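**Student:** Take this structure, written in structure tokens, and hold onto it; I'll ask about it next.
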Amino acid sequence: MANGWLVVGLGNPGPTYQLHRHNIGYLVLDELARRAGAGFSTPRGMRAEVCETRIGPLGTGAIGPDAQKVILARSRTYMNELGGPVSGLVKYHRIPVEQVIAVHDELDLDQGVLRLKKGGGDNGHNGLKSMRASLGSGDFHRVRFGIGRPPGRQAPADFVLSDFPASVRPELEVDIVRAADAIEALVTDGLAAAQNRFNG
């Protein structure tokens, strides 16, 4: 694939938001960076933290002729403004929109369920809405990570901006690993093969 891939973890910056349901994209990117044995840095002039690596048949951080360049990125802006930094990275690295992967929380899926897709609307998700507006297209890939619906009458906005409870964190760790596996499969094997393996 020309010019590699950009994997964007959707979330809000700062320790306050670290374990929020809305920040699942950041948590999945942390797992990919761990596999790469690399950390995030902030390039000059960019409002994002990035980690450059490669993904191939042997996984993240792999070398070899089949390994593709991958930029892992998380915005340093809040969710509803992340499209600007994402657009800046796309232009700087000359990455086609079709080779952008957004990793985000999804209320309409049960906790831990994954769905991979390409294109579509934003379904009320402010991060996706901002990306679509700044990129001028919604034709990027999405890794939708289920967080379930809020209990009782809790407002969805309050639910997504609350921490994953301690009771689900062991299971959450397994689900994060699976989401990282799904991104590796999407890059190396293509969307259809990755959907067959990971779509719940």
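Residues are referred to by chain and number: the chain letter is A, B, ... according to the order shown in the structure tokens, the number counts from 1 in that chain, and ligands are numbered separately from 1 in the order shown.
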Which polymer residues have any atom within 10 Å of an atom of region 182-194 of chain A, counting only C-alpha atoms, with same-chain residues fewer than 3 positions away left out, as a VMD selection string?

**Tutor:** chain A and resid 1 4 to 5 7 28 to 29 32 54 to 60 66 to 70 99 101 to 103 114 to 118 141 to 143 176 to 179 197 to 199

**Student:** Considering only C-alpha atoms, state which residue in the set A:Thr16, A:Asn23, A:Gln154, A:Asn80 is at the smallest distance from Lys129 (chain A).

**Tutor:**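 So, comparing all the options, the nearest one is A:Asn80.
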
**Student:** Find the residue from A:Ala180, A:Gly138, A:Ala73, A:Gln18 that sits nearest to Phe164 (chain A); use only C-alpha atoms when measuring.

**Tutor:**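 Using only C-alpha atoms, Phe164 (chain A) sits closest to A:Gln18.
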